[in-house]
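Have a look at the structure below before the remarks.
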Amino acid sequence: MTLTQATSETVRLLRFDRVQRCAHWVNAALFGVLMTTAIPLYFGSFFGLVWPRHLIAQIHLWTGVALPVPIIVSLLGPWGASMRRDVRRINMWTRQEMRWMKTLGETPLVADKFNPGQKLNAIFVGASIVIMLATGSMLQWFRFFPVPWREGATFVHDVMSFAIFVVVFGHIVMALTHRGSLRSIFTGWVSESWAAKHAPAWLTEEKTNPAGND
Ligand code: HEM
């Protein structure tokens, strides 16, 4: 049951359960460490005066190896039902959502739990984990790969890291300017009025099928 009466006036809905919130914050922390350590690795900057480059590279490498763990753990096992349901949602694109995306929000949209922009962000994060892990592994264990692959991996790792900085910055700006969404990734809950405005299709679904049974 994800719909509850908080007070006599507000009905609230569970948008993210504890497993999803933990996965989000552990994933964010890992991205934070990777992005922070990426700066001196790329620029070879003044950070080297405080911490030796080798140490920074080791922190970057092993944080990178751990990157898929929160997502995998949160998807597996009986605790991952909400996460799995949301992954299915993110993979499902209606014609209306495609049109909304192509027209940059100029056509009508009865939004699902996540709007197309949020879905794209989640897809980008998932893809970047796979790509950065693959290319980072080639940078580290380079002797197993031919030279052209290693050159390609370095290029893709650098270009993707630039894209990650842009997307993460955009994600943080969107979060700070959408307080209802931001609160839900801390507490789990949104109000019914928030859902009616930002996710009406999901609200209808929750009212007709609150346990999320497919
Ligand atoms: C948020 C994700 C990530 C970002 C933004 C990022 C960014 C970077 C950047 C900018 C560099 C410097 C490349 C250069 O000098 O041209 C680098 C190096 C490297 N990255 Fe990543 N990376 C990420 C994830 C990963 C992952 C998942 C791994 C996993 C294996 C990894 C492994 C490495 C390795 C081994 C190096 C070379 C370090 C060295 O020079 O000794 N990275 N990364």
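Naming works like this for the structure tokens: A, B, ... for the chains as they're shown, residue 1 at the start of each chain, ligands 1 onward in shown order.
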
Listing only residues of region 53-167 of chain A within 8 Å of region 21-31 of chain A, what is the closest atom pair and its distance in Å (to one decimal) for each, using only C-alpha atoms, sorted by chain and residue number ascending, as a Markdown table?
```
| residue | atom | partner | partner_atom | distance |
| --- | --- | --- | --- | --- |
| A:Thr63 | CA | A:Leu30 | CA | 6.2 |
| A:Gly64 | CA | A:Leu30 | CA | 7.6 |
| A:Ala66 | CA | A:Leu30 | CA | 7.9 |
| A:Leu67 | CA | A:Leu30 | CA | 6.3 |
| A:Pro70 | CA | A:Ala23 | CA | 5.1 |
| A:Ile71 | CA | A:Ala23 | CA | 6.1 |
| A:Ser74 | CA | A:Ala23 | CA | 6.3 |
```

Mind writing the picked residues with N, CA and C atoms as a short mmCIF file (atom, residue, chain, number, x, y, z; two decimals), in the first residue's frame?
```
data_model
loop_
_atom_site.label_atom_id
_atom_site.label_comp_id
_atom_site.auth_asym_id
_atom_site.auth_seq_id
_atom_site.Cartn_x
_atom_site.Cartn_y
_atom_site.Cartn_z
N THR A 63 36.51 3.22 -6.39
CA THR A 63 35.15 3.78 -6.32
C THR A 63 34.42 3.43 -7.62
N GLY A 64 35.16 3.49 -8.73
CA GLY A 64 34.58 3.14 -10.03
C GLY A 64 34.15 1.69 -10.10
N ALA A 66 33.19 -0.06 -7.66
CA ALA A 66 32.01 -0.22 -6.78
C ALA A 66 30.75 0.43 -7.37
N LEU A 67 30.91 1.21 -8.45
CA LEU A 67 29.80 2.02 -8.96
C LEU A 67 28.51 1.24 -9.27
N PRO A 70 25.40 -0.45 -5.85
CA PRO A 70 24.10 -0.06 -5.27
C PRO A 70 22.93 -0.33 -6.20
N ILE A 71 23.13 -0.13 -7.51
CA ILE A 71 22.02 -0.36 -8.45
C ILE A 71 21.71 -1.87 -8.52
N SER A 74 20.09 -3.08 -5.27
CA SER A 74 18.72 -2.59 -5.08
C SER A 74 17.74 -3.23 -6.07
#
```

Could I get the residue neighbourhood of ligand 1 at 8 Å, counting only C-alpha atoms and all ligand atoms, as a PDB file with C-alpha atoms, in the first residue's frame?
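Output below, filename result27.pdb:
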```pdb
ATOM      1  CA  LEU A  30      30.092   7.312  -5.577  1.00  0.00           C
ATOM      2  CA  PHE A  31      29.561   9.702  -8.516  1.00  0.00           C
ATOM      3  CA  GLY A  32      30.657  12.562  -6.248  1.00  0.00           C
ATOM      4  CA  VAL A  33      33.947  10.835  -5.338  1.00  0.00           C
ATOM      5  CA  LEU A  34      34.569   9.847  -8.987  1.00  0.00           C
ATOM      6  CA  MET A  35      33.941  13.369 -10.257  1.00  0.00           C
ATOM      7  CA  THR A  37      38.988  12.642  -8.151  1.00  0.00           C
ATOM      8  CA  ALA A  38      38.559  12.963 -11.950  1.00  0.00           C
ATOM      9  CA  ILE A  39      39.489  16.670 -11.847  1.00  0.00           C
ATOM     10  CA  PRO A  40      43.101  16.254 -10.642  1.00  0.00           C
ATOM     11  CA  LEU A  41      43.490  13.096 -12.776  1.00  0.00           C
ATOM     12  CA  TYR A  42      42.576  15.081 -15.878  1.00  0.00           C
ATOM     13  CA  PHE A  43      44.275  18.367 -15.078  1.00  0.00           C
ATOM     14  CA  ARG A  53      48.472  11.169  -7.837  1.00  0.00           C
ATOM     15  CA  HIS A  54      48.734   7.419  -7.283  1.00  0.00           C
ATOM     16  CA  ALA A  57      43.987   7.225  -9.044  1.00  0.00           C
ATOM     17  CA  GLN A  58      43.464   4.291  -6.627  1.00  0.00           C
ATOM     18  CA  HIS A  60      39.046   6.747  -8.408  1.00  0.00           C
ATOM     19  CA  LEU A  61      39.584   3.188  -9.637  1.00  0.00           C
ATOM     20  CA  TRP A  62      38.056   1.338  -6.672  1.00  0.00           C
ATOM     21  CA  THR A  63      35.150   3.778  -6.319  1.00  0.00           C
ATOM     22  CA  GLY A  64      34.581   3.137 -10.035  1.00  0.00           C
ATOM     23  CA  VAL A  65      34.617  -0.629  -9.563  1.00  0.00           C
ATOM     24  CA  ALA A  66      32.007  -0.216  -6.780  1.00  0.00           C
ATOM     25  CA  LEU A  67      29.799   2.024  -8.962  1.00  0.00           C
ATOM     26  CA  SER A 128      27.190   6.052 -18.132  1.00  0.00           C
ATOM     27  CA  ILE A 129      27.806   3.496 -15.370  1.00  0.00           C
ATOM     28  CA  VAL A 130      28.259   0.736 -17.959  1.00  0.00           C
ATOM     29  CA  ILE A 131      30.377   2.871 -20.327  1.00  0.00           C
ATOM     30  CA  MET A 132      32.628   4.343 -17.611  1.00  0.00           C
ATOM     31  CA  LEU A 133      33.147   0.934 -16.025  1.00  0.00           C
ATOM     32  CA  ALA A 134      34.075  -0.640 -19.375  1.00  0.00           C
ATOM     33  CA  THR A 135      36.390   2.174 -20.523  1.00  0.00           C
ATOM     34  CA  GLY A 136      37.886   2.684 -17.037  1.00  0.00           C
ATOM     35  CA  SER A 137      38.710  -1.037 -16.866  1.00  0.00           C
ATOM     36  CA  MET A 138      40.536  -0.720 -20.215  1.00  0.00           C
ATOM     37  CA  LEU A 139      42.535   2.231 -18.872  1.00  0.00           C
ATOM     38  CA  GLN A 140      43.509   0.252 -15.794  1.00  0.00           C
ATOM     39  CA  TRP A 141      44.088  -3.234 -17.209  1.00  0.00           C
ATOM     40  CA  THR A 154      40.599   7.070 -23.204  1.00  0.00           C
ATOM     41  CA  PHE A 155      38.659   9.260 -25.637  1.00  0.00           C
ATOM     42  CA  HIS A 157      36.095   8.033 -20.905  1.00  0.00           C
ATOM     43  CA  ASP A 158      37.026  11.732 -21.264  1.00  0.00           C
ATOM     44  CA  MET A 160      31.588  10.833 -21.213  1.00  0.00           C
ATOM     45  CA  SER A 161      33.056  12.414 -18.099  1.00  0.00           C
ATOM     46  CA  PHE A 162      32.426  15.851 -19.591  1.00  0.00           C
ATOM     47  CA  ILE A 164      28.435  13.494 -16.800  1.00  0.00           C
ATOM     48  CA  PHE A 165      29.525  16.847 -15.323  1.00  0.00           C
TER      49      PHE A 165
END
```

Open item on the list: So that I can see what lies close to Trp79 (chain A), please list as JSON, numbers by chain the residues with an atom at most 7 Å from it, counting only C-alpha atoms and leaving out residues fewer than 2 positions away in the same chain.
Closed with: {"A": [19, 77, 81]}

Keeping only N, CA and C atoms, write the selected residues to a file as a CSV table (one decimal), in the first residue's frame.
```
chain,number,residue,atom,x,y,z
A,19,VAL,N,14.8,1.3,0.0
A,19,VAL,CA,15.8,0.7,-0.9
A,19,VAL,C,16.2,1.7,-2.0
A,77,GLY,N,16.7,-9.4,-5.4
A,77,GLY,CA,16.1,-9.8,-4.2
A,77,GLY,C,14.7,-9.3,-3.9
A,81,ALA,N,11.4,-4.8,-5.3
A,81,ALA,CA,10.2,-4.8,-6.2
A,81,ALA,C,9.9,-3.4,-6.7
```

TODO: To one decimal in Å, tell me the separation between CA of Leu13 (chain A) and CA of Glu192 (chain A).
DONE: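 Result for CA of Leu13 (chain A) versus CA of Glu192 (chain A): 6.6 Å, one decimal.
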
Open item on the list: Need the shell around Ser82 (chain A): protein/DNA/RNA residues with any atom at most 9 Å away, counting only C-alpha atoms. Skip same-chain ones fewer than 6 positions apart. Format as a PyMOL selection string?
Closed with: chain A and resi 16-17+19-20+75+212

Since we have the selection now, will you write its residues out, keeping C-alpha atoms, as an mmCIF file, in the first residue's frame?
```cif
data_model
loop_
_atom_site.group_PDB
_atom_site.id
_atom_site.type_symbol
_atom_site.label_atom_id
_atom_site.label_comp_id
_atom_site.auth_asym_id
_atom_site.auth_seq_id
_atom_site.Cartn_x
_atom_site.Cartn_y
_atom_site.Cartn_z
ATOM 1 C CA PHE A 16 10.574 6.117 -3.322
ATOM 2 C CA ASP A 17 10.901 3.323 -0.774
ATOM 3 C CA VAL A 19 15.833 0.731 -0.869
ATOM 4 C CA GLN A 20 15.458 3.241 -3.709
ATOM 5 C CA LEU A 75 17.360 -4.452 -8.108
ATOM 6 C CA GLY A 212 1.230 -1.799 -7.744
#
```
